[in-house]
Structure formats: C-alpha cells, structure tokens
file final.pdb (PDB, C-alpha atoms and all ligand atoms)
ATOM      1  CA  MET A  25       0.000   0.000   0.000
ATOM      2  CA  ARG A  26       0.983   3.629  -0.543
ATOM      3  CA  LEU A  27       0.323   6.085   2.290
ATOM      4  CA  TYR A  28       0.100   9.844   1.816
ATOM      5  CA  CYS A  29      -0.208  12.943   3.964
ATOM      6  CA  PHE A  30      -2.207  15.650   2.165
ATOM      7  CA  ASP A  31      -4.024  18.996   2.464
ATOM      8  CA  ASP A  32      -4.415  19.860   6.182
ATOM      9  CA  LEU A  33      -2.322  16.837   7.229
ATOM     10  CA  ARG A  34      -4.979  14.288   6.330
ATOM     11  CA  ILE A  35      -3.963  10.668   5.703
ATOM     12  CA  GLY A  36      -4.690   8.845   2.464
ATOM     13  CA  VAL A  37      -4.103   5.418   0.968
ATOM     14  CA  GLY A  38      -3.281   5.059  -2.710
ATOM     15  CA  SER A  39      -5.986   3.579  -4.937
ATOM     16  CA  GLY A  40      -5.040   2.803  -8.529
ATOM     17  CA  SER A  41      -2.110   4.732  -9.946
ATOM     18  CA  ASP A  42      -3.267   8.333  -9.548
ATOM     19  CA  ALA A  43      -5.858   8.541  -6.768
ATOM     20  CA  LEU A  44      -6.155   8.107  -3.027
ATOM     21  CA  VAL A  45      -8.842   7.387  -0.450
ATOM     22  CA  ASP A  46      -9.035   9.513   2.726
ATOM     23  CA  VAL A  47      -8.548   7.320   5.822
ATOM     24  CA  THR A  48      -8.008  10.155   8.327
ATOM     25  CA  SER A  49     -10.988   8.953  10.397
ATOM     26  CA  LEU A  50      -8.870   5.994  11.594
ATOM     27  CA  VAL A  51      -6.433   8.339  13.413
ATOM     28  CA  VAL A  52      -8.537  11.487  13.744
ATOM     29  CA  ASP A  53      -8.001  11.791  17.525
ATOM     30  CA  VAL A  54      -4.239  12.206  17.059
ATOM     31  CA  ALA A  55      -2.458  15.566  16.591
ATOM     32  CA  PRO A  56      -2.309  16.016  12.790
ATOM     33  CA  PRO A  57       1.520  15.838  12.384
ATOM     34  CA  LEU A  58       1.532  12.563  14.368
ATOM     35  CA  ARG A  59      -1.246  10.813  12.473
ATOM     36  CA  MET A  60       1.065   8.784  10.243
ATOM     37  CA  PRO A  61       3.224   7.415  13.103
ATOM     38  CA  ALA A  62      -0.025   6.598  14.957
ATOM     39  CA  LEU A  63      -1.350   4.711  11.929
ATOM     40  CA  ILE A  64       1.959   2.839  11.602
ATOM     41  CA  ALA A  65       1.984   1.965  15.332
ATOM     42  CA  ALA A  66      -1.567   0.614  15.089
ATOM     43  CA  TRP A  67      -0.966  -1.105  11.748
ATOM     44  CA  PRO A  68      -1.596  -4.673  12.998
ATOM     45  CA  GLU A  69      -5.148  -3.596  13.989
ATOM     46  CA  LEU A  70      -5.839  -1.041  11.232
ATOM     47  CA  ARG A  71      -4.236  -2.659   8.217
ATOM     48  CA  GLY A  72      -7.383  -4.489   7.084
ATOM     49  CA  ARG A  73      -9.473  -1.318   7.195
ATOM     50  CA  VAL A  74      -6.879   0.650   5.224
ATOM     51  CA  GLU A  75      -6.707  -2.152   2.671
ATOM     52  CA  ASN A  76     -10.506  -2.192   2.289
ATOM     53  CA  ALA A  77     -10.529   1.583   1.836
ATOM     54  CA  SER A  78      -7.876   1.342  -0.891
ATOM     55  CA  ARG A  79     -10.096  -1.094  -2.804
ATOM     56  CA  GLY A  80     -13.542   0.342  -2.269
ATOM     57  CA  GLY A  81     -13.458   3.877  -0.855
ATOM     58  CA  ASP A  82     -14.272   7.202  -2.497
ATOM     59  CA  THR A  83     -11.252   8.206  -4.532
ATOM     60  CA  VAL A  84      -9.771  11.675  -5.063
ATOM     61  CA  PRO A  85      -7.275  12.403  -7.881
ATOM     62  CA  ILE A  86      -3.857  13.023  -6.307
ATOM     63  CA  ASP A  87      -3.009  15.894  -8.649
ATOM     64  CA  ARG A  88      -5.833  17.906  -7.062
ATOM     65  CA  LEU A  89      -4.268  17.630  -3.574
ATOM     66  CA  ARG A  90      -1.427  19.315  -1.753
ATOM     67  CA  ILE A  91       0.964  16.454  -0.985
ATOM     68  CA  HIS A  92       3.102  16.900   2.159
ATOM     69  CA  ALA A  93       5.926  14.753   3.470
ATOM     70  CA  PRO A  94       4.243  11.467   4.458
ATOM     71  CA  LEU A  95       5.964  11.885   7.844
ATOM     72  CA  PRO A  96       5.768  15.663   8.403
ATOM     73  CA  ALA A  97       7.420  15.484  11.857
ATOM     74  CA  PRO A  98       9.406  12.276  12.305
ATOM     75  CA  ARG A  99      10.707  11.825  15.846
ATOM     76  CA  ASN A 100      14.174  10.734  14.680
ATOM     77  CA  VAL A 101      15.977  10.910  11.349
ATOM     78  CA  ILE A 102      19.182   8.879  11.526
ATOM     79  CA  ALA A 103      21.416   8.613   8.498
ATOM     80  CA  ALA A 104      24.164   6.414   7.087
ATOM     81  CA  PRO A 105      27.395   8.242   6.133
ATOM     82  CA  VAL A 106      29.429   6.981   3.126
ATOM     83  CA  ASN A 107      27.587   3.683   2.705
ATOM     84  CA  TYR A 108      28.594   2.983  -0.933
ATOM     85  CA  ARG A 109      32.244   2.337  -1.956
ATOM     86  CA  ARG A 110      32.066   4.371  -5.170
ATOM     87  CA  HIS A 111      30.677   7.319  -3.248
ATOM     88  CA  GLN A 112      33.668   7.031  -0.892
ATOM     89  CA  GLU A 113      35.972   7.115  -3.944
ATOM     90  CA  GLU A 114      34.362  10.234  -5.407
ATOM     91  CA  MET A 115      34.521  12.150  -2.122
ATOM     92  CA  GLY A 116      38.285  11.787  -1.597
ATOM     93  CA  GLY A 117      41.114  11.249  -4.065
ATOM     94  CA  ALA A 118      42.859  13.879  -6.167
ATOM     95  CA  HIS A 119      39.688  15.228  -7.791
ATOM     96  CA  GLY A 120      37.146  14.467  -5.083
ATOM     97  CA  VAL A 121      34.720  16.819  -3.400
ATOM     98  CA  TYR A 122      37.130  16.867  -0.434
ATOM     99  CA  ALA A 123      40.271  16.478  -2.566
ATOM    100  CA  GLY A 124      43.204  15.064  -0.654
ATOM    101  CA  ALA A 125      41.161  14.222   2.416
ATOM    102  CA  GLU A 126      41.096  10.706   3.780
ATOM    103  CA  ILE A 127      37.454   9.641   3.463
ATOM    104  CA  GLN A 128      36.398   6.653   5.543
ATOM    105  CA  THR A 129      33.108   4.754   5.283
ATOM    106  CA  ILE A 130      30.171   3.892   7.504
ATOM    107  CA  GLU A 131      32.398   1.187   9.008
ATOM    108  CA  THR A 132      34.220   4.074  10.741
ATOM    109  CA  TYR A 133      31.564   6.829  10.937
ATOM    110  CA  ALA A 134      28.546   4.608  11.888
ATOM    111  CA  GLY A 135      25.824   7.243  11.726
ATOM    112  CA  PHE A 136      24.675  10.805  12.174
ATOM    113  CA  VAL A 137      21.423  12.557  12.972
ATOM    114  CA  LYS A 138      19.581  14.982  10.702
ATOM    115  CA  ALA A 139      17.271  17.477  12.417
ATOM    116  CA  SER A 140      13.711  16.251  11.921
ATOM    117  CA  SER A 141      12.760  19.881  11.201
ATOM    118  CA  SER A 142      14.633  19.523   7.872
ATOM    119  CA  VAL A 143      11.922  17.207   6.513
ATOM    120  CA  ILE A 144       9.646  18.536   3.762
ATOM    121  CA  GLY A 145       7.434  17.039   1.068
ATOM    122  CA  PRO A 146       6.906  17.712  -2.633
ATOM    123  CA  ASP A 147       4.669  20.696  -1.835
ATOM    124  CA  GLU A 148       7.670  22.846  -0.818
ATOM    125  CA  PRO A 149      10.913  23.807  -2.574
ATOM    126  CA  ILE A 150      14.412  23.057  -1.279
ATOM    127  CA  ARG A 151      15.936  26.372  -0.170
ATOM    128  CA  LEU A 152      19.717  26.865  -0.308
ATOM    129  CA  PRO A 153      20.601  29.330   2.460
ATOM    130  CA  PHE A 154      23.980  30.730   1.328
ATOM    131  CA  ALA A 155      24.853  31.993  -2.139
ATOM    132  CA  GLU A 156      28.611  31.366  -1.769
ATOM    133  CA  ARG A 157      28.575  27.767  -0.511
ATOM    134  CA  ARG A 158      28.353  24.486  -2.396
ATOM    135  CA  PHE A 159      25.243  22.333  -1.899
ATOM    136  CA  ASP A 160      24.862  18.781  -3.229
ATOM    137  CA  HIS A 161      22.074  16.296  -3.891
ATOM    138  CA  GLU A 162      22.218  12.803  -2.376
ATOM    139  CA  ALA A 163      19.675  10.261  -3.696
ATOM    140  CA  GLU A 164      18.678   7.744  -1.042
ATOM    141  CA  VAL A 165      16.183   5.100   0.002
ATOM    142  CA  GLY A 166      14.448   6.058   3.245
ATOM    143  CA  VAL A 167      13.468   3.250   5.624
ATOM    144  CA  VAL A 168      10.389   3.791   7.799
ATOM    145  CA  ILE A 169      10.363   1.934  11.112
ATOM    146  CA  GLY A 170       7.224  -0.086  11.951
ATOM    147  CA  ALA A 171       7.392  -1.918  15.279
ATOM    148  CA  ARG A 172       9.532  -0.442  18.091
ATOM    149  CA  ALA A 173      13.139  -1.638  17.849
ATOM    150  CA  THR A 174      15.631  -1.769  20.730
ATOM    151  CA  SER A 175      18.861  -3.684  20.050
ATOM    152  CA  VAL A 176      17.325  -5.931  17.407
ATOM    153  CA  SER A 177      19.568  -8.340  15.522
ATOM    154  CA  ARG A 178      20.154  -8.188  11.803
ATOM    155  CA  GLU A 179      18.060 -11.363  11.467
ATOM    156  CA  GLN A 180      15.047  -9.784  13.221
ATOM    157  CA  ALA A 181      15.489  -6.359  11.668
ATOM    158  CA  MET A 182      12.978  -6.621   8.835
ATOM    159  CA  ASP A 183      10.185  -7.358  11.344
ATOM    160  CA  HIS A 184      10.702  -3.732  12.419
ATOM    161  CA  VAL A 185      10.641  -2.174   8.945
ATOM    162  CA  PHE A 186       7.268  -0.756   7.923
ATOM    163  CA  GLY A 187       8.158   0.492   4.473
ATOM    164  CA  TYR A 188      10.215   2.762   2.256
ATOM    165  CA  VAL A 189      10.149   6.311   0.963
ATOM    166  CA  PRO A 190      12.239   8.216  -1.611
ATOM    167  CA  LEU A 191      14.562  10.517   0.362
ATOM    168  CA  LEU A 192      16.951  13.331  -0.557
ATOM    169  CA  ASP A 193      19.811  14.062   1.833
ATOM    170  CA  ILE A 194      20.641  17.632   0.789
ATOM    171  CA  THR A 195      24.099  18.606   1.977
ATOM    172  CA  MET A 196      26.267  21.678   2.340
ATOM    173  CA  ARG A 197      29.926  20.855   1.666
ATOM    174  CA  GLY A 198      32.590  22.187   3.979
ATOM    175  CA  PRO A 199      34.371  21.639   7.262
ATOM    176  CA  GLU A 200      31.383  21.861   9.604
ATOM    177  CA  ASP A 201      29.963  18.818  11.353
ATOM    178  CA  ARG A 202      27.716  16.613   9.163
ATOM    179  CA  SER A 203      24.678  17.152  11.366
ATOM    180  CA  PHE A 204      24.968  20.919  10.859
ATOM    181  CA  ARG A 205      25.594  20.746   7.104
ATOM    182  CA  LYS A 206      22.648  18.413   6.489
ATOM    183  CA  SER A 207      20.055  19.815   8.916
ATOM    184  CA  PHE A 208      19.038  23.114   7.319
ATOM    185  CA  ASP A 209      15.304  23.633   6.876
ATOM    186  CA  THR A 210      14.104  21.828   3.702
ATOM    187  CA  PHE A 211      17.214  19.563   3.483
ATOM    188  CA  THR A 212      15.372  16.242   3.876
ATOM    189  CA  PRO A 213      12.664  16.004   1.214
ATOM    190  CA  ILE A 214      10.698  12.735   1.377
ATOM    191  CA  GLY A 215       7.731  11.352  -0.498
ATOM    192  CA  PRO A 216       5.383  11.502  -2.171
ATOM    193  CA  ALA A 217       4.247   8.338  -0.329
ATOM    194  CA  ILE A 218       5.445   5.605   2.011
ATOM    195  CA  VAL A 219       5.253   2.212   0.307
ATOM    196  CA  THR A 220       4.722  -0.736   2.655
ATOM    197  CA  ALA A 221       7.497  -3.334   2.713
ATOM    198  CA  ASP A 222       5.206  -6.137   1.445
ATOM    199  CA  GLU A 223       5.058  -4.360  -1.949
ATOM    200  CA  VAL A 224       8.845  -4.378  -2.364
ATOM    201  CA  PRO A 225      10.596  -7.636  -3.346
ATOM    202  CA  GLY A 226      13.328  -7.096  -0.751
ATOM    203  CA  PRO A 227      15.600  -4.487   0.815
ATOM    204  CA  ALA A 228      18.679  -5.626  -1.110
ATOM    205  CA  ASP A 229      17.589  -4.825  -4.668
ATOM    206  CA  ILE A 230      16.075  -1.347  -4.814
ATOM    207  CA  GLY A 231      17.192   0.845  -7.716
ATOM    208  CA  VAL A 232      17.751   4.578  -7.231
ATOM    209  CA  GLU A 233      18.046   7.183  -9.976
ATOM    210  CA  LEU A 234      18.384  10.957  -9.830
ATOM    211  CA  THR A 235      18.274  13.622 -12.514
ATOM    212  CA  VAL A 236      18.906  17.352 -12.224
ATOM    213  CA  SER A 237      17.028  19.422 -14.804
ATOM    214  CA  GLY A 238      16.835  16.332 -17.027
ATOM    215  CA  GLU A 239      20.511  15.301 -16.731
ATOM    216  CA  LEU A 240      21.166  11.857 -15.206
ATOM    217  CA  ARG A 241      23.469  12.269 -12.184
ATOM    218  CA  GLN A 242      23.034   9.189  -9.973
ATOM    219  CA  ARG A 243      22.102   5.566 -10.622
ATOM    220  CA  GLY A 244      22.572   2.987  -7.889
ATOM    221  CA  ASN A 245      21.069  -0.021  -6.163
ATOM    222  CA  THR A 246      20.803  -1.015  -2.496
ATOM    223  CA  ARG A 247      22.609  -4.268  -3.374
ATOM    224  CA  ASP A 248      25.817  -2.177  -3.305
ATOM    225  CA  LEU A 249      25.302  -0.820   0.219
ATOM    226  CA  ILE A 250      28.289  -1.451   2.523
ATOM    227  CA  TYR A 251      25.888  -1.904   5.482
ATOM    228  CA  ASP A 252      22.622  -3.246   4.095
ATOM    229  CA  ILE A 253      19.238  -2.209   5.468
ATOM    230  CA  PRO A 254      18.962  -4.982   8.128
ATOM    231  CA  THR A 255      22.469  -4.108   9.351
ATOM    232  CA  LEU A 256      21.510  -0.411   9.631
ATOM    233  CA  VAL A 257      18.479  -1.313  11.768
ATOM    234  CA  GLU A 258      20.712  -3.473  13.968
ATOM    235  CA  LEU A 259      23.346  -0.734  14.304
ATOM    236  CA  TYR A 260      21.004   2.184  15.013
ATOM    237  CA  SER A 261      18.618   0.244  17.279
ATOM    238  CA  ALA A 262      21.646  -0.581  19.439
ATOM    239  CA  ALA A 263      22.157   3.162  19.961
ATOM    240  CA  MET A 264      18.566   4.373  20.305
ATOM    241  CA  THR A 265      15.137   2.840  20.542
ATOM    242  CA  LEU A 266      13.550   3.245  17.121
ATOM    243  CA  GLU A 267       9.837   3.982  17.226
ATOM    244  CA  PRO A 268       7.093   3.654  14.586
ATOM    245  CA  GLY A 269       7.594   6.382  11.995
ATOM    246  CA  ASP A 270      11.285   6.948  12.715
ATOM    247  CA  LEU A 271      13.281   7.363   9.540
ATOM    248  CA  ILE A 272      16.635   5.963   8.382
ATOM    249  CA  ALA A 273      18.463   7.553   5.413
ATOM    250  CA  THR A 274      20.442   4.632   3.991
ATOM    251  CA  GLY A 275      23.223   6.487   2.139
ATOM    252  CA  THR A 276      23.844   7.675  -1.375
ATOM    253  CA  PRO A 277      25.488   5.984  -4.376
ATOM    254  CA  GLU A 278      28.094   7.749  -6.521
ATOM    255  CA  GLY A 279      27.245  10.700  -8.710
ATOM    256  CA  VAL A 280      26.566  13.338  -6.074
ATOM    257  CA  GLY A 281      26.888  16.818  -7.488
ATOM    258  CA  GLN A 282      26.080  20.438  -7.003
ATOM    259  CA  ILE A 283      22.630  21.982  -7.111
ATOM    260  CA  VAL A 284      21.825  25.656  -7.605
ATOM    261  CA  PRO A 285      18.648  27.721  -7.414
ATOM    262  CA  GLY A 286      16.415  27.000 -10.400
ATOM    263  CA  ASP A 287      17.322  23.292 -10.629
ATOM    264  CA  GLU A 288      14.642  20.610 -10.809
ATOM    265  CA  ILE A 289      15.606  17.407  -8.993
ATOM    266  CA  VAL A 290      13.777  14.172  -9.818
ATOM    267  CA  LEU A 291      14.521  11.186  -7.574
ATOM    268  CA  THR A 292      13.091   7.847  -8.666
ATOM    269  CA  VAL A 293      13.235   4.896  -6.284
ATOM    270  CA  GLU A 294      12.297   1.696  -8.051
ATOM    271  CA  GLY A 295       8.883   0.378  -7.030
ATOM    272  CA  ILE A 296       8.532   3.122  -4.426
ATOM    273  CA  GLY A 297       8.029   6.443  -6.115
ATOM    274  CA  ARG A 298       9.123   9.542  -7.932
ATOM    275  CA  LEU A 299       9.924  12.669  -5.914
ATOM    276  CA  ALA A 300      10.221  15.890  -7.931
ATOM    277  CA  MET A 301      11.663  18.905  -6.100
ATOM    278  CA  ARG A 302      12.380  22.484  -7.121
ATOM    279  CA  VAL A 303      15.490  24.241  -5.784
ATOM    280  CA  ASP A 304      15.217  27.849  -4.611
ATOM    281  CA  GLY A 305      17.696  30.262  -3.121
ATOM    282  CA  ALA A 306      17.364  31.856   0.283
ATOM    283  CA  VAL A 307      14.555  34.323   0.782
ATOM    284  CA  GLN A 308      17.057  36.619   2.492
ATOM    285  CA  PRO A 309      20.624  35.552   1.775
ATOM    286  CA  VAL A 310      22.806  35.622   4.867
ATOM    287  CA  ARG A 311      26.503  35.013   5.292
ATOM    288  CA  SER A 312      27.563  31.419   5.897
ATOM    289  CA  PRO A 313      29.659  30.313   8.896
TER     290      PRO A 313
HETATM  291 MN    MN A 401      23.523  10.903   2.732
END
call {"tool": "encode", "arguments": {"input": "final.pdb", "output": "structure tokens"}}
result
Amino acid sequence: MRLYCFDDLRIGVGSGSDALVDVTSLVVDVAPPLRMPALIAAWPELRGRVENASRGGDTVPIDRLRIHAPLPAPRNVIAAPVNYRRHQEEMGGAHGVYAGAEIQTIETYAGFVKASSSVIGPDEPIRLPFAERRFDHEAEVGVVIGARATSVSREQAMDHVFGYVPLLDITMRGPEDRSFRKSFDTFTPIGPAIVTADEVPGPADIGVELTVSGELRQRGNTRDLIYDIPTLVELYSAAMTLEPGDLIATGTPEGVGQIVPGDEIVLTVEGIGRLAMRVDGAVQPVRSP
C-alpha cells in the first residue's frame, strides 16, 4: 500500500495509480503531524481497514491535492554516512569533493542525525541558504520503522521495517559537522508516499536514480550498500530505541553533485516512487559560517 499525507495533514491510501482514499478517520483523535506514526503503530489492527478503503473507498485524484511529506514530523531521522564504496571514492582522491582528504566509510563513521525539522514534502521547494557555498544532492532510500526496535539483531530487523520512501539528503559541503551541514530547513525532502514493505521484493535490490534538470546524475542499487538495510536497523537500534515512523536515510550511491537555485531534482526509487523537487535560493541571503 501507498500512504500519503495531504491537504491539512490528512492521511490517504493510494488507490489505482493516480488517486487516493481519505482514511483520516482511523487516526482522527491524534495531533495532525503525528497521524502517520499513529497509523503505523496501530498497523496490525488497522491494516485491514486501510486495505478495504484502498479497494472500495471514495477516490480523489492526487493531482488535485497538496501532498506533504508522508511523515511531516518524524521523531528521529538517523542517516548512514558513506555507505557505498564508489561514493567514498568520489569524495576523496585527487579530484574528489574533499580532494586530498582521507574519506572513511560507515564502518568508521557509523551514523549521524539529521534534524527532523529539515523534513519537507513535494509541496515545498528546497531552499539553499547561502549563495557562496556548495550544496549537493544525495539520492537515497528512506526506511520507515514499523514496530519499536531496541537492540534488534540483523536477522530480526525486517520485522521492524514498515516500508520505504524516496529521500533526498541535501548537503552543504565544507568543514562543519555533518549534522549541521545536512540539517538546514528543507534539506530532507521525502515522499510523495510511504510504500509498505510487502510491496517491495526485498531491501537488497532497490534501484535509485536521480536527474537534475533532465541530466542523469546518480544511478545505484541497495545491493551495493556497505551496510545493508537490516544491518543499519541493527546498528542504530543498538544506539537508540527506534519507534514507529522513525526514519533511516540509507546512504547515497556515486554521482553526487552540485545543485543551484532554479534546478529541478527528480529522484526515482524503483517500485517506491518519484519525488520531484524544485530548488530555490534563500529568501534573504545571509553570510555562511
Ligand atoms: Mn547521505
């Protein structure tokens, strides 16, 4: 199933290829930004009703709706640094983004946190805050946690995965800490929908493709992850209890590159969705650190 957050933070389930059915009544007592995590937490009880709605409810064409991030206020966004070998190669080396620097991988860095306030959906543009700094796109698969996970093993990990979402990890390059460079407002676009894990053949063969204003920049597959998705759940659930609706950014394949105001980014995650984002400059440019 495909789950959306739309208009005044209502919840919808996809029906056919271009419509949804409003299922907000199932979680109407919950504060609007927390409706999706509440639906995910209650999924064992509510799943059948959502499924019935997707087959027989009153449909609304999606292009008539304002589509928000499917998780407008995730509690935690934890992210995998340098989780593809070819991305490691392009970051260091003589001609890399950080030329001459010794770039390690997730095996050394483990993880970092993105501010949850950086999450937006396709209804908003990405805003680059500083005119004189370099900002890059990173195409990623987002993992949405289902059942609470505390120190789960790799073998049990997929029991705690609810689904997947296309995710952009927008990044400022420079010497600052990762969490600062990747946590600006609008720097974690997700959507348009969460796709439940049962609709995806498996976590180890998900294709990712990204274009900027029509030019192909990134093409990868989760089979090339250094730490695969079950290993990420094991690693991060050892550090923090993961709750329904928490989000993991799984890392980006090679091909990261600069974005500038006016660009159109299209991220396609195979079987999961197509996220189209416009890039704007700052409303009031300010000097960078
Ligand atoms: Mn990333």
call {"tool": "closest_atom_pairs", "arguments": {"input": "final.pdb", "of": "region 114-214 of chain A", "to": "region 98-103 of chain A", "cutoff": "7 Å", "atoms": "all atoms listed in the file", "output": "Markdown table"}}
result
| residue | atom | partner | partner_atom | distance |
| --- | --- | --- | --- | --- |
| A:Gly135 | CA | A:Ala103 | CA | 5.6 |
| A:Phe136 | CA | A:Ala103 | CA | 5.4 |
| A:Val137 | CA | A:Ile102 | CA | 4.5 |
| A:Lys138 | CA | A:Val101 | CA | 5.5 |
| A:Ala139 | CA | A:Val101 | CA | 6.8 |
| A:Ser140 | CA | A:Val101 | CA | 5.8 |
call {"tool": "closest_atom_pairs", "arguments": {"input": "final.pdb", "of": "chain A", "to": "ligand MN 401 (chain A)", "cutoff": "9 Å", "atoms": "only C-alpha atoms and all ligand atoms", "output": "Markdown table"}}
result
| residue | atom | partner | partner_atom | distance |
| --- | --- | --- | --- | --- |
| A:Ala103 | CA | A:MN401 | MN | 6.6 |
| A:Ala104 | CA | A:MN401 | MN | 6.3 |
| A:Pro105 | CA | A:MN401 | MN | 5.8 |
| A:Val106 | CA | A:MN401 | MN | 7.1 |
| A:Asn107 | CA | A:MN401 | MN | 8.3 |
| A:His161 | CA | A:MN401 | MN | 8.7 |
| A:Glu162 | CA | A:MN401 | MN | 5.6 |
| A:Ala163 | CA | A:MN401 | MN | 7.5 |
| A:Glu164 | CA | A:MN401 | MN | 6.9 |
| A:Leu192 | CA | A:MN401 | MN | 7.7 |
| A:Asp193 | CA | A:MN401 | MN | 5.0 |
| A:Ile194 | CA | A:MN401 | MN | 7.6 |
| A:Thr195 | CA | A:MN401 | MN | 7.8 |
| A:Lys206 | CA | A:MN401 | MN | 8.4 |
| A:Ala273 | CA | A:MN401 | MN | 6.6 |
| A:Thr274 | CA | A:MN401 | MN | 7.1 |
| A:Gly275 | CA | A:MN401 | MN | 4.5 |
| A:Thr276 | CA | A:MN401 | MN | 5.2 |
| A:Pro277 | CA | A:MN401 | MN | 8.9 |
call {"tool": "atom_distance", "arguments": {"input": "final.pdb", "atom1": "CA of Ser203 (chain A)", "atom2": "CA of Tyr122 (chain A)"}}
result
17.2 Å
call {"tool": "resolve_selection", "arguments": {"input": "final.pdb", "expression": "the PyMOL selection byres (((chain A and resi 158-160) around 12) and not hetatm)", "output": "ChimeraX atom specification"}}
result
/A:115,121-122,150-157,161-163,192-199,205-206,208,211,236,241-242,276,278-285,287,289,303-305,312
call {"tool": "atom_distance", "arguments": {"input": "final.pdb", "atom1": "CA of Phe186 (chain A)", "atom2": "CA of Ile272 (chain A)"}}
result
11.5 Å
call {"tool": "atom_distance", "arguments": {"input": "final.pdb", "atom1": "CA of Leu271 (chain A)", "atom2": "CA of Val168 (chain A)"}}
result
4.9 Å
call {"tool": "resolve_selection", "arguments": {"input": "final.pdb", "expression": "the PyMOL selection byres (((chain A and resi 261-269) around 7) and not hetatm)", "output": "list in words"}}
result
Pro61, Ile64, Ala65, Pro98, Val168, Ile169, Gly170, Ala171, Arg172, Ala173, Thr174, Ser175, Val176, Val257, Glu258, Leu259, Tyr260, Asp270 and Leu271 of chain A
call {"tool": "closest_residue", "arguments": {"input": "final.pdb", "among": "A:Asp46, A:Ile144, A:Leu27, A:Asp252", "to": "Met60 (chain A)", "atoms": "all atoms listed in the file"}}
result
A:Leu27
call {"tool": "closest_residue", "arguments": {"input": "final.pdb", "among": "A:Ala306, A:Met301, A:Leu50, A:Ala134", "to": "Pro146 (chain A)", "atoms": "only C-alpha atoms"}}
result
A:Met301
call {"tool": "build_atoms", "arguments": {"input": "final.pdb", "residues": "region 43-66 of chain A", "atoms": "N, CA and C atoms", "output": "mmCIF file, in the frame of the given file"}}
result
data_model
loop_
_atom_site.group_PDB
_atom_site.id
_atom_site.type_symbol
_atom_site.label_atom_id
_atom_site.label_comp_id
_atom_site.auth_asym_id
_atom_site.auth_seq_id
_atom_site.Cartn_x
_atom_site.Cartn_y
_atom_site.Cartn_z
ATOM 1 N N ALA A 43 -4.817 8.065 -7.687
ATOM 2 C CA ALA A 43 -5.858 8.541 -6.768
ATOM 3 C C ALA A 43 -5.588 8.013 -5.366
ATOM 4 N N LEU A 44 -6.247 8.630 -4.393
ATOM 5 C CA LEU A 44 -6.155 8.107 -3.027
ATOM 6 C C LEU A 44 -7.525 8.143 -2.365
ATOM 7 N N VAL A 45 -7.625 7.413 -1.257
ATOM 8 C CA VAL A 45 -8.842 7.387 -0.450
ATOM 9 C C VAL A 45 -8.478 7.942 0.931
ATOM 10 N N ASP A 46 -9.270 8.878 1.430
ATOM 11 C CA ASP A 46 -9.035 9.513 2.726
ATOM 12 C C ASP A 46 -9.345 8.520 3.852
ATOM 13 N N VAL A 47 -8.339 8.226 4.679
ATOM 14 C CA VAL A 47 -8.548 7.320 5.822
ATOM 15 C C VAL A 47 -8.248 8.030 7.150
ATOM 16 N N THR A 48 -8.321 9.370 7.132
ATOM 17 C CA THR A 48 -8.008 10.155 8.327
ATOM 18 C C THR A 48 -8.855 9.747 9.526
ATOM 19 N N SER A 49 -10.082 9.296 9.289
ATOM 20 C CA SER A 49 -10.988 8.953 10.397
ATOM 21 C C SER A 49 -10.388 7.885 11.308
ATOM 22 N N LEU A 50 -9.467 7.058 10.771
ATOM 23 C CA LEU A 50 -8.870 5.994 11.594
ATOM 24 C C LEU A 50 -7.943 6.541 12.675
ATOM 25 N N VAL A 51 -7.398 7.761 12.458
ATOM 26 C CA VAL A 51 -6.433 8.339 13.413
ATOM 27 C C VAL A 51 -6.804 9.790 13.739
ATOM 28 N N VAL A 52 -8.100 10.095 13.671
ATOM 29 C CA VAL A 52 -8.537 11.487 13.744
ATOM 30 C C VAL A 52 -8.313 12.102 15.129
ATOM 31 N N ASP A 53 -8.191 11.265 16.168
ATOM 32 C CA ASP A 53 -8.001 11.791 17.525
ATOM 33 C C ASP A 53 -6.553 12.204 17.799
ATOM 34 N N VAL A 54 -5.664 11.958 16.859
ATOM 35 C CA VAL A 54 -4.239 12.206 17.059
ATOM 36 C C VAL A 54 -3.891 13.588 16.505
ATOM 37 N N ALA A 55 -2.922 14.275 17.136
ATOM 38 C CA ALA A 55 -2.458 15.566 16.591
ATOM 39 C C ALA A 55 -2.056 15.365 15.128
ATOM 40 N N PRO A 56 -2.501 16.263 14.228
ATOM 41 C CA PRO A 56 -2.309 16.016 12.790
ATOM 42 C C PRO A 56 -0.890 15.609 12.361
ATOM 43 N N PRO A 57 0.187 16.260 12.868
ATOM 44 C CA PRO A 57 1.520 15.838 12.384
ATOM 45 C C PRO A 57 1.897 14.418 12.823
ATOM 46 N N LEU A 58 1.185 13.887 13.834
ATOM 47 C CA LEU A 58 1.532 12.563 14.368
ATOM 48 C C LEU A 58 0.590 11.467 13.882
ATOM 49 N N ARG A 59 -0.282 11.815 12.930
ATOM 50 C CA ARG A 59 -1.246 10.813 12.473
ATOM 51 C C ARG A 59 -0.572 9.629 11.783
ATOM 52 N N MET A 60 0.437 9.908 10.953
ATOM 53 C CA MET A 60 1.065 8.784 10.243
ATOM 54 C C MET A 60 1.784 7.836 11.203
ATOM 55 N N PRO A 61 2.630 8.350 12.144
ATOM 56 C CA PRO A 61 3.224 7.415 13.103
ATOM 57 C C PRO A 61 2.170 6.639 13.896
ATOM 58 N N ALA A 62 1.033 7.296 14.219
ATOM 59 C CA ALA A 62 -0.025 6.598 14.957
ATOM 60 C C ALA A 62 -0.618 5.479 14.106
ATOM 61 N N LEU A 63 -0.817 5.748 12.820
ATOM 62 C CA LEU A 63 -1.350 4.711 11.929
ATOM 63 C C LEU A 63 -0.359 3.548 11.824
ATOM 64 N N ILE A 64 0.927 3.880 11.719
ATOM 65 C CA ILE A 64 1.959 2.839 11.602
ATOM 66 C C ILE A 64 2.006 2.005 12.895
ATOM 67 N N ALA A 65 1.928 2.683 14.050
ATOM 68 C CA ALA A 65 1.984 1.965 15.332
ATOM 69 C C ALA A 65 0.791 1.022 15.492
ATOM 70 N N ALA A 66 -0.350 1.427 14.942
ATOM 71 C CA ALA A 66 -1.567 0.614 15.089
ATOM 72 C C ALA A 66 -1.804 -0.275 13.864
#
